[in-house]
Amino acid sequence: MRTLCASTLIGEFLVIGFAGLVAMKHPDLTMGQVWTVCGIAMALCVLLCGMLSRPGALAVGWALQIGLIASGFVVGTMFFLGVIFAALWWASIHYGRKVDEIRARPAAPTA
């Protein structure tokens with residue numbers, strides 16, 4: 001599960017960075033505001049990659065997904081990308097747990 005979730009978070013890191021570039025053109029936002037928010041979100045993505053085995057990390061990841069969707073109010077495309085990454089986050093958790101369960105099973109003896 002950790003590998004799939006970390007891959008999703010690294011993809012989000014890149015998308016947040018590119019969304020920051022687009023958000024800089026917003027007339028009501030300063031460059032400092034944009035990069036403070038984007039920098040915190042990007043740092044959170046990287047930190048979560050290393051903390052996925054800790055309690056509460058998945059909940060923080062879900063909060064990040066909600067924030068990514070909410071960023072669509074500034075950059076409209078982020079509504080779509082946020083939903084896509086939330087679906088990827090769900091799939092990473094769901095299928096990652098299944099893979100972990102399969103790996104944890106003892107190997108069946110071959111006849």
# chains A, B, ... in the order shown; residues from 1 in each chain; ligands from 1
$ residues_around --residues "Ala63 in chain A" --least-positions-apart "2" --cutoff "12 Å" --atoms "only C-alpha atoms" --output "PyMOL selection string"
chain A and resi 41+44-45+48+56-61+65-70+82+86+89
$ atom_distance --atom1 "CA of Leu52 in chain A" --atom2 "CA of Gly20 in chain A"
25.1 Å
$ closest_residue --among "A:Ala19, A:Met24, A:Leu29, A:Ala104" --to "Gly76 in chain A" --atoms "only C-alpha atoms"
A:Ala19
$ atom_distance --atom1 "CA of Arg54 in chain A" --atom2 "CA of Tyr95 in chain A"
18.6 Å
$ residues_around --residues "Val99 in chain A" --least-positions-apart "4" --cutoff "12 Å" --atoms "only C-alpha atoms" --output "list of chain:residue names"
A:Met1, A:Arg2, A:Thr3, A:Leu4, A:Ala91, A:Ser92, A:Ile93, A:His94, A:Tyr95, A:Arg103, A:Ala104, A:Arg105
$ residues_around --residues "His26 in chain A" --least-positions-apart "6" --cutoff "10 Å" --atoms "only C-alpha atoms" --output "number ranges by chain"
A: 34, 74-75
$ write_last_selection --atoms "all heavy atoms" --output "PDB file, in the first residue's frame"
ATOM      1  N   VAL A  34       0.452  32.500  -3.157  1.00  0.00           N
ATOM      2  CA  VAL A  34       0.355  31.285  -3.968  1.00  0.00           C
ATOM      3  C   VAL A  34       1.417  30.277  -3.544  1.00  0.00           C
ATOM      4  O   VAL A  34       1.123  29.106  -3.285  1.00  0.00           O
ATOM      5  CB  VAL A  34       0.484  31.607  -5.476  1.00  0.00           C
ATOM      6  CG1 VAL A  34       0.654  30.340  -6.298  1.00  0.00           C
ATOM      7  CG2 VAL A  34      -0.712  32.410  -5.954  1.00  0.00           C
ATOM      8  N   VAL A  74      -9.743  28.386  -7.150  1.00  0.00           N
ATOM      9  CA  VAL A  74      -8.734  29.321  -7.646  1.00  0.00           C
ATOM     10  C   VAL A  74      -8.330  28.957  -9.074  1.00  0.00           C
ATOM     11  O   VAL A  74      -8.253  29.813  -9.943  1.00  0.00           O
ATOM     12  CB  VAL A  74      -7.492  29.329  -6.717  1.00  0.00           C
ATOM     13  CG1 VAL A  74      -6.402  30.236  -7.271  1.00  0.00           C
ATOM     14  CG2 VAL A  74      -7.877  29.766  -5.319  1.00  0.00           C
ATOM     15  N   VAL A  75      -8.056  27.683  -9.297  1.00  0.00           N
ATOM     16  CA  VAL A  75      -7.684  27.180 -10.618  1.00  0.00           C
ATOM     17  C   VAL A  75      -8.748  26.147 -10.987  1.00  0.00           C
ATOM     18  O   VAL A  75      -8.775  25.052 -10.426  1.00  0.00           O
ATOM     19  CB  VAL A  75      -6.280  26.537 -10.607  1.00  0.00           C
ATOM     20  CG1 VAL A  75      -5.937  25.969 -11.978  1.00  0.00           C
ATOM     21  CG2 VAL A  75      -5.232  27.534 -10.155  1.00  0.00           C
TER      22      VAL A  75
END
$ atom_distance --atom1 "CA of Leu47 in chain A" --atom2 "CA of Gly96 in chain A"
19.2 Å
$ closest_residue --among "A:Met31, A:Leu88, A:Val46, A:Met78" --to "Trp62 in chain A" --atoms "only C-alpha atoms"
A:Leu88
$ residues_around --residues "Ile10 in chain A" --least-positions-apart "2" --cutoff "8 Å" --atoms "only C-alpha atoms" --output "ChimeraX atom specification"
/A:6-8,12-14,45-46,49
$ decode --residues "range 44-73 of chain A" --atoms "N, CA and C atoms" --output "mmCIF file, in the first residue's frame"
data_model
loop_
_atom_site.group_PDB
_atom_site.id
_atom_site.type_symbol
_atom_site.label_atom_id
_atom_site.label_comp_id
_atom_site.auth_asym_id
_atom_site.auth_seq_id
_atom_site.Cartn_x
_atom_site.Cartn_y
_atom_site.Cartn_z
ATOM 1 N N LEU A 44 3.814 18.757 2.371
ATOM 2 C CA LEU A 44 2.963 17.748 2.988
ATOM 3 C C LEU A 44 2.951 16.462 2.163
ATOM 4 N N CYS A 45 2.917 16.601 0.852
ATOM 5 C CA CYS A 45 2.967 15.418 -0.017
ATOM 6 C C CYS A 45 4.244 14.615 0.222
ATOM 7 N N VAL A 46 5.365 15.298 0.252
ATOM 8 C CA VAL A 46 6.648 14.620 0.434
ATOM 9 C C VAL A 46 6.747 14.011 1.834
ATOM 10 N N LEU A 47 6.326 14.752 2.844
ATOM 11 C CA LEU A 47 6.387 14.235 4.212
ATOM 12 C C LEU A 47 5.479 13.026 4.396
ATOM 13 N N LEU A 48 4.315 13.070 3.783
ATOM 14 C CA LEU A 48 3.394 11.936 3.896
ATOM 15 C C LEU A 48 3.957 10.675 3.256
ATOM 16 N N CYS A 49 4.763 10.824 2.228
ATOM 17 C CA CYS A 49 5.377 9.645 1.603
ATOM 18 C C CYS A 49 6.181 8.842 2.623
ATOM 19 N N GLY A 50 6.856 9.521 3.508
ATOM 20 C CA GLY A 50 7.662 8.849 4.515
ATOM 21 C C GLY A 50 6.897 8.446 5.760
ATOM 22 N N MET A 51 5.677 8.935 5.904
ATOM 23 C CA MET A 51 4.918 8.676 7.129
ATOM 24 C C MET A 51 3.690 7.795 6.891
ATOM 25 N N LEU A 52 3.603 7.121 5.776
ATOM 26 C CA LEU A 52 2.397 6.366 5.439
ATOM 27 C C LEU A 52 2.127 5.196 6.379
ATOM 28 N N SER A 53 3.140 4.709 7.054
ATOM 29 C CA SER A 53 2.921 3.583 7.972
ATOM 30 C C SER A 53 2.479 4.057 9.358
ATOM 31 N N ARG A 54 2.473 5.340 9.588
ATOM 32 C CA ARG A 54 2.082 5.884 10.896
ATOM 33 C C ARG A 54 0.577 6.046 11.000
ATOM 34 N N PRO A 55 0.056 5.971 12.232
ATOM 35 C CA PRO A 55 -1.383 6.180 12.411
ATOM 36 C C PRO A 55 -1.785 7.604 12.018
ATOM 37 N N GLY A 56 -2.874 7.723 11.341
ATOM 38 C CA GLY A 56 -3.394 9.030 10.960
ATOM 39 C C GLY A 56 -2.878 9.554 9.634
ATOM 40 N N ALA A 57 -1.886 8.894 9.055
ATOM 41 C CA ALA A 57 -1.324 9.392 7.793
ATOM 42 C C ALA A 57 -2.349 9.323 6.668
ATOM 43 N N LEU A 58 -3.147 8.279 6.643
ATOM 44 C CA LEU A 58 -4.156 8.167 5.586
ATOM 45 C C LEU A 58 -5.225 9.244 5.731
ATOM 46 N N ALA A 59 -5.567 9.584 6.974
ATOM 47 C CA ALA A 59 -6.543 10.662 7.203
ATOM 48 C C ALA A 59 -5.984 11.997 6.730
ATOM 49 N N VAL A 60 -4.707 12.240 6.976
ATOM 50 C CA VAL A 60 -4.081 13.472 6.496
ATOM 51 C C VAL A 60 -4.060 13.468 4.966
ATOM 52 N N GLY A 61 -3.839 12.304 4.380
ATOM 53 C CA GLY A 61 -3.879 12.185 2.924
ATOM 54 C C GLY A 61 -5.259 12.513 2.371
ATOM 55 N N TRP A 62 -6.306 12.069 3.065
ATOM 56 C CA TRP A 62 -7.666 12.416 2.636
ATOM 57 C C TRP A 62 -7.907 13.916 2.756
ATOM 58 N N ALA A 63 -7.391 14.526 3.816
ATOM 59 C CA ALA A 63 -7.526 15.978 3.969
ATOM 60 C C ALA A 63 -6.813 16.706 2.827
ATOM 61 N N LEU A 64 -5.671 16.172 2.427
ATOM 62 C CA LEU A 64 -4.950 16.756 1.293
ATOM 63 C C LEU A 64 -5.782 16.640 0.016
ATOM 64 N N GLN A 65 -6.478 15.519 -0.155
ATOM 65 C CA GLN A 65 -7.325 15.346 -1.338
ATOM 66 C C GLN A 65 -8.454 16.367 -1.347
ATOM 67 N N ILE A 66 -9.050 16.602 -0.199
ATOM 68 C CA ILE A 66 -10.120 17.602 -0.099
ATOM 69 C C ILE A 66 -9.579 18.991 -0.426
ATOM 70 N N GLY A 67 -8.392 19.302 0.079
ATOM 71 C CA GLY A 67 -7.763 20.584 -0.229
ATOM 72 C C GLY A 67 -7.455 20.732 -1.710
ATOM 73 N N LEU A 68 -7.055 19.635 -2.324
ATOM 74 C CA LEU A 68 -6.758 19.669 -3.755
ATOM 75 C C LEU A 68 -8.021 19.949 -4.561
ATOM 76 N N ILE A 69 -9.127 19.329 -4.174
ATOM 77 C CA ILE A 69 -10.396 19.598 -4.859
ATOM 78 C C ILE A 69 -10.827 21.042 -4.616
ATOM 79 N N ALA A 70 -10.682 21.516 -3.386
ATOM 80 C CA ALA A 70 -11.082 22.883 -3.047
ATOM 81 C C ALA A 70 -10.243 23.924 -3.777
ATOM 82 N N SER A 71 -9.028 23.559 -4.178
ATOM 83 C CA SER A 71 -8.189 24.513 -4.913
ATOM 84 C C SER A 71 -8.787 24.834 -6.280
ATOM 85 N N GLY A 72 -9.802 24.102 -6.664
ATOM 86 C CA GLY A 72 -10.496 24.395 -7.913
ATOM 87 C C GLY A 72 -11.190 25.743 -7.905
ATOM 88 N N PHE A 73 -11.415 26.306 -6.725
ATOM 89 C CA PHE A 73 -12.008 27.641 -6.666
ATOM 90 C C PHE A 73 -11.030 28.712 -7.149
#
